[in-house]
Amino acid sequence: MTACDDLPQHVSDAIRWPLALTRLGMGAEAVVRAFWPLWSVLFAALAFLMLSVQDILPVELVWISLGIFALGAGWALVRGVRRFGWPSRAAALARLDATLPGHPILAAMDEQAIGAGDAASSAVWQAHQARMAARLKEARPAEPDLRVSGADPFALRYVALLALLVAVIFGSAMRVQSVSALGPAGAGLAAGPTWEGWLEPPRYTGLPSIYLNDIEAAGLDAPIGSRITLRFYGEVGALATRETVSGTAPADDAPGLTAQEFEIAQSGRIEIDGPGGRLWEITAIPDRAPDVQLDEGIEASFEGDAQIPFSASDDYAVVAGQARIELALDEIDRRYGLRIAPEPRAAIELPLPMPITGDRAEFSETLVENFSEHPWANLPVTVTLSASDDLGQTGQTAPEIITLPGRRFFDPMAAAIIEQRRALLWNRENAEDVALLLRAVSHRPDDVFRSATDYLRLRTILRRIEALAGLGLDDDQQTEIAQALWDLALLLEEGDLDDARERLERAQERLSEAMRNGASDQEIAELMQELRDATDDYLRQLSRQAQQDGQDQDTAQNRNMMEMSQSDLQAMMDRIQELMEQGRMAEAQEALDQLRQMMENMQVTQGQRGQTPGEQAMEGLGETLREQQDLSDQAFRDLQEQFNPGQQGEQGQGRQGQTQPGQPGQGQRGEGQGGQPGEGGETGQPQDLEDSLAERQRALRQELDRQSQNLPGAGTEAGDAAREALDRAEGAMEGAEEALRENDLAGAIDNQSEAMEALREGMRNLGDALAQRQPQQGQGQQGQAEGADPGRQRDPLGRSVGSEGQIGSDENLLQGEDVYRRARELLDEIRRRSGEGERPEQELEYLERLLDRF
């Protein structure tokens, strides 16, 4: 084939616009590759002038720099002219044809070289030409290649462009003309003197800077502390400034100044005298002190967490606040333990919580703190709130008298202990009176203590107070005893639900026996009062347990619970007493059975239906741990009596008739111990009692072995760790059993402590194993039978899954910690970590998402 010199008309028409655009793009390539050094030099020179570098450098250095820019621009221009060439039509055709499959443009320019006379050969040629012509209709302009990275490996063109962008944002085009004043005839060449000015408010105000050249109004409001910056260009001395806002003596500027800065301290005027000058009347806006006030609605939670609401405001922002709490001595009822002067005690100072996000100009927050253990809890105090701003100004409220919120104790013995604890902290001179009063209220322990262990703890505390009262308590001893009294009061107040239930059942059984034996009216009244007290105690423990567990009485799992008010129970018990006094014992017994059934139907937890094997194992291990604790307590009491036989009768008297859960026959042992003192330094205990403890220890070890064999979580690291911990517990129990048989109570107690610690570790590991298995059981949980209790389902964090399928829990996962403070600490920690740039990028993005959400 031979090529034709000209394109056929139909080919030219088909590629007219693609060819023109391709040629234009090739021209753009030629311009960029030839002249990119020229505009890079021009960008750099313009950025140099707009950023007023010429006003900082010496004149000689400025002219040298401008000369370098001029030489560079000249070289770049010559280089560009020499390298620039407009692309030809043939080159554009070749570029466009290269983008098409089969090169249809060259094919259209070809003609048949041989076989023109052959019909078959001509038909093939025509078909080929038609196919190439069809491809021409798909022609699109070739994309230009504007990259010059090969010629500019250091990306100097981008450096020049970045400098120009910075100059456009932070510089000014008006500064370029100041170059004209640098030469010998600069004053004549310049268009005239000019100026620029800025007003910058204090940063803490959050207000934007103001470009004074754009302010045509005669009046201007500005916060006190705003900085005024003025710069003069052109003939030196042609412009001058007069101002009365800085508070200094008014005076004309010294000649030759090209810049001036001062702060606004008062209202006044600013005048620029000279060509193009301006005059403003400045109104200085003072920064007022923050305002803070104590809101109504101070509350205290069941655990004693005080919630003190407050609101604060400022014209810009409140940066910090403080609450100061002092004792209102004149408002206190100075009786009993408070009659003497209190010991000096520092005021309570707490930082006020600030909003983590959002506007701090006006907000409301709540101070959450637990003052329950403070000596001033539930006493009148004065509260003073203060708030400060960035300027250091402080506003505060007038002292307001409130009762410092703290935990309330409803158990009579616990309340008495807390009252005496406060007296001891009020002044340590009350120590002897505290010991005397506590001995008086605990004179009959059977009436006020549910457990002999609690009574023994109180007696230990009493002995320590009495021993130190004559010598004088120091600060550490006072704090130690106060903490021991607090822990004991909590134990008595919170009590144990099983003990309350046992007391209620015992009262019901005694009342039933009285009905069968025909008790007198006085006995009936006493037994009914005992039943009322036991019922009140049980309901109080029931309510406290529900509140601590976060149960909602409106949830589906509690809808089947029998709802009874206190008045309903009172009416039913009054009816029982009335029937008994009338001699209608059968009806009274029937009513008592109904009351017993109603109390049994009341729920504290979600019940036992639908328990998973893991939950059953956790419950069994918890029961084993409690029984081991009871056994260790009994061994400890026996050890005390072994070395202090003179106290046997007294302690046995206090324990007589007290039977602990898991300790059958304890009351009988106490009675026997009281009547058989030790002889000749021996233990004073029959050997069969030690054998009894050893037998109970052996039974407990066998039960743990049975639980270990049925332990779930096999195959997981946490499950294996749980089994290992339980094996250690079983070994420690075996050692305790041997020590008990050898009458080595001290060694037995040590082994029992090791067993309890291993049991706790095993329960923790088992909980981890169950949490790891939870995601794998998600599909199985969806297929539970309809009769299964949805309240028993748990998410991977161990929280209950609601009956409607939602994930969440009202359980107190922090177990008594200050929830609000803990949340704030977590947010502060997230903010701190988000500011550490060395952390991985994925972690920083995750932290930012957390801050955006919370």
# chains A, B, ... in the order shown; residues from 1 in each chain; ligands from 1
>>> residues_around(residues="region 838-853 of chain A", least_positions_apart="5", cutoff="9 Å", atoms="only C-alpha atoms", output="list in words")
Thr357, Leu827, Ile830, Arg831 and Arg833 of chain A
>>> residues_around(residues="region 718-729 of chain A", least_positions_apart="4", cutoff="8 Å", atoms="only C-alpha atoms", output="list in words")
Leu704, Ser708, Leu711, Pro712, Gly713, Ala714, Met733, Glu754, Ala755, Met756, Glu757, Ala758, Leu759, Glu761, Gly762, Met763, Arg764, Asn765, Leu766, Asp768 and Ala769 of chain A
>>> residues_around(residues="Gln293 (chain A)", least_positions_apart="4", cutoff="6 Å", atoms="only C-alpha atoms", output="PyMOL selection string")
chain A and resi 310-311+397
>>> closest_residue(among="A:Glu200, A:Ala289, A:Pro193, A:Thr366", to="Arg231 (chain A)", atoms="only C-alpha atoms")
A:Pro193
>>> select_by_dssp(residues="region 171-377 of chain A", states="helix (DSSP H, G or I)", output="number ranges by chain")
A: 173-181, 186-189, 203-205, 212-214, 329-331, 336-338
>>> select_by_dssp(residues="region 232-392 of chain A", states="strand (DSSP E)", output="ChimeraX atom specification")
/A:232-233,240-243,259-263,268-273,279-285,291-294,299-300,305-313,320-327,348-351,362-370,380-388
>>> write_last_selection(atoms="C-alpha atoms", output="PDB file, in the first residue's frame")
ATOM      1  CA  PHE A 232       3.085  52.892  57.160  1.00  0.00           C
ATOM      2  CA  TYR A 233       4.462  52.643  53.616  1.00  0.00           C
ATOM      3  CA  ALA A 240       1.527  59.864  61.987  1.00  0.00           C
ATOM      4  CA  THR A 241      -0.755  58.386  64.661  1.00  0.00           C
ATOM      5  CA  ARG A 242      -2.554  60.048  67.560  1.00  0.00           C
ATOM      6  CA  GLU A 243      -4.496  57.908  70.062  1.00  0.00           C
ATOM      7  CA  ALA A 259       4.967  50.689  62.471  1.00  0.00           C
ATOM      8  CA  GLN A 260       3.179  51.087  65.782  1.00  0.00           C
ATOM      9  CA  GLU A 261       1.437  48.721  68.215  1.00  0.00           C
ATOM     10  CA  PHE A 262      -0.609  49.407  71.359  1.00  0.00           C
ATOM     11  CA  GLU A 263      -3.469  47.886  73.365  1.00  0.00           C
ATOM     12  CA  GLY A 268     -11.062  57.097  73.156  1.00  0.00           C
ATOM     13  CA  ARG A 269     -10.029  57.860  69.618  1.00  0.00           C
ATOM     14  CA  ILE A 270      -7.455  56.691  67.096  1.00  0.00           C
ATOM     15  CA  GLU A 271      -6.406  59.100  64.344  1.00  0.00           C
ATOM     16  CA  ILE A 272      -4.084  58.553  61.408  1.00  0.00           C
ATOM     17  CA  ASP A 273      -2.859  61.987  60.333  1.00  0.00           C
ATOM     18  CA  LEU A 279     -10.350  58.755  62.523  1.00  0.00           C
ATOM     19  CA  TRP A 280     -12.224  56.258  64.726  1.00  0.00           C
ATOM     20  CA  GLU A 281     -14.071  56.719  67.984  1.00  0.00           C
ATOM     21  CA  ILE A 282     -13.293  53.568  69.961  1.00  0.00           C
ATOM     22  CA  THR A 283     -15.747  52.247  72.569  1.00  0.00           C
ATOM     23  CA  ALA A 284     -13.912  49.895  74.921  1.00  0.00           C
ATOM     24  CA  ILE A 285     -16.040  46.925  76.029  1.00  0.00           C
ATOM     25  CA  ASP A 291     -21.572  34.793  87.201  1.00  0.00           C
ATOM     26  CA  VAL A 292     -22.280  31.510  89.011  1.00  0.00           C
ATOM     27  CA  GLN A 293     -25.229  30.429  91.102  1.00  0.00           C
ATOM     28  CA  LEU A 294     -26.408  27.359  92.973  1.00  0.00           C
ATOM     29  CA  GLU A 299     -30.268  15.393  95.697  1.00  0.00           C
ATOM     30  CA  ALA A 300     -28.466  12.362  97.075  1.00  0.00           C
ATOM     31  CA  ASP A 305     -23.685  10.427  95.846  1.00  0.00           C
ATOM     32  CA  ALA A 306     -24.562  14.112  96.218  1.00  0.00           C
ATOM     33  CA  GLN A 307     -25.758  15.885  93.086  1.00  0.00           C
ATOM     34  CA  ILE A 308     -25.393  19.669  93.409  1.00  0.00           C
ATOM     35  CA  PRO A 309     -26.670  21.498  90.288  1.00  0.00           C
ATOM     36  CA  PHE A 310     -25.297  24.909  89.364  1.00  0.00           C
ATOM     37  CA  SER A 311     -25.247  27.292  86.418  1.00  0.00           C
ATOM     38  CA  ALA A 312     -22.515  29.675  85.255  1.00  0.00           C
ATOM     39  CA  SER A 313     -22.220  32.341  82.574  1.00  0.00           C
ATOM     40  CA  ALA A 320     -12.704  27.005  85.779  1.00  0.00           C
ATOM     41  CA  GLY A 321     -14.777  26.886  88.940  1.00  0.00           C
ATOM     42  CA  GLN A 322     -14.577  25.748  92.524  1.00  0.00           C
ATOM     43  CA  ALA A 323     -16.989  24.747  95.270  1.00  0.00           C
ATOM     44  CA  ARG A 324     -15.963  25.566  98.837  1.00  0.00           C
ATOM     45  CA  ILE A 325     -17.842  23.844 101.658  1.00  0.00           C
ATOM     46  CA  GLU A 326     -17.414  24.922 105.270  1.00  0.00           C
ATOM     47  CA  LEU A 327     -19.113  23.810 108.458  1.00  0.00           C
ATOM     48  CA  ILE A 348     -13.847  20.998 101.371  1.00  0.00           C
ATOM     49  CA  GLU A 349     -12.708  22.419  98.038  1.00  0.00           C
ATOM     50  CA  LEU A 350     -13.802  20.719  94.845  1.00  0.00           C
ATOM     51  CA  PRO A 351     -13.338  21.769  91.201  1.00  0.00           C
ATOM     52  CA  GLU A 362     -23.586  29.922  79.553  1.00  0.00           C
ATOM     53  CA  PHE A 363     -24.175  26.414  80.808  1.00  0.00           C
ATOM     54  CA  SER A 364     -25.607  24.291  83.586  1.00  0.00           C
ATOM     55  CA  GLU A 365     -23.777  21.371  85.159  1.00  0.00           C
ATOM     56  CA  THR A 366     -24.022  19.121  88.208  1.00  0.00           C
ATOM     57  CA  LEU A 367     -21.305  18.588  90.787  1.00  0.00           C
ATOM     58  CA  VAL A 368     -21.333  14.924  91.808  1.00  0.00           C
ATOM     59  CA  GLU A 369     -19.424  13.895  94.908  1.00  0.00           C
ATOM     60  CA  ASN A 370     -19.897  11.406  97.732  1.00  0.00           C
ATOM     61  CA  PRO A 380     -25.500  22.071 108.013  1.00  0.00           C
ATOM     62  CA  VAL A 381     -22.720  23.543 105.885  1.00  0.00           C
ATOM     63  CA  THR A 382     -22.174  26.695 103.850  1.00  0.00           C
ATOM     64  CA  VAL A 383     -21.551  26.276 100.145  1.00  0.00           C
ATOM     65  CA  THR A 384     -19.777  28.949  98.115  1.00  0.00           C
ATOM     66  CA  LEU A 385     -19.337  28.526  94.376  1.00  0.00           C
ATOM     67  CA  SER A 386     -16.802  30.529  92.363  1.00  0.00           C
ATOM     68  CA  ALA A 387     -15.990  30.735  88.645  1.00  0.00           C
ATOM     69  CA  SER A 388     -13.126  32.395  86.764  1.00  0.00           C
TER      70      SER A 388
END
>>> residues_around(residues="region 481-495 of chain A", least_positions_apart="6", cutoff="6 Å", atoms="only C-alpha atoms", output="JSON, numbers by chain")
{"A": [411, 414, 421]}
>>> write_last_selection(atoms="all heavy atoms", output="tab-separated table (two decimals), in the first residue's frame")
chain	number	residue	atom	x	y	z
A	411	ASP	N	-30.97	0.95	109.21
A	411	ASP	CA	-30.82	-0.07	110.24
A	411	ASP	C	-30.46	0.63	111.55
A	411	ASP	O	-29.53	1.44	111.61
A	411	ASP	CB	-29.71	-1.04	109.84
A	411	ASP	CG	-29.56	-2.17	110.84
A	411	ASP	OD1	-30.26	-3.18	110.69
A	411	ASP	OD2	-28.75	-2.01	111.78
A	414	ALA	N	-26.80	0.19	112.63
A	414	ALA	CA	-25.90	0.87	111.70
A	414	ALA	C	-25.97	2.38	111.89
A	414	ALA	O	-24.95	3.07	111.88
A	414	ALA	CB	-26.25	0.49	110.26
A	421	ARG	N	-19.49	7.26	115.13
A	421	ARG	CA	-18.33	7.53	114.26
A	421	ARG	C	-18.18	9.03	114.02
A	421	ARG	O	-17.07	9.57	114.05
A	421	ARG	CB	-18.50	6.78	112.94
A	421	ARG	CG	-17.44	7.10	111.91
A	421	ARG	CD	-17.75	6.40	110.59
A	421	ARG	NE	-16.75	6.71	109.57
A	421	ARG	CZ	-16.81	7.76	108.76
A	421	ARG	NH1	-17.84	8.60	108.86
A	421	ARG	NH2	-15.87	7.99	107.87
>>> residues_around(residues="Trp86 (chain A)", least_positions_apart="4", cutoff="10 Å", atoms="only C-alpha atoms", output="PyMOL selection string")
chain A and resi 23-24+26-31
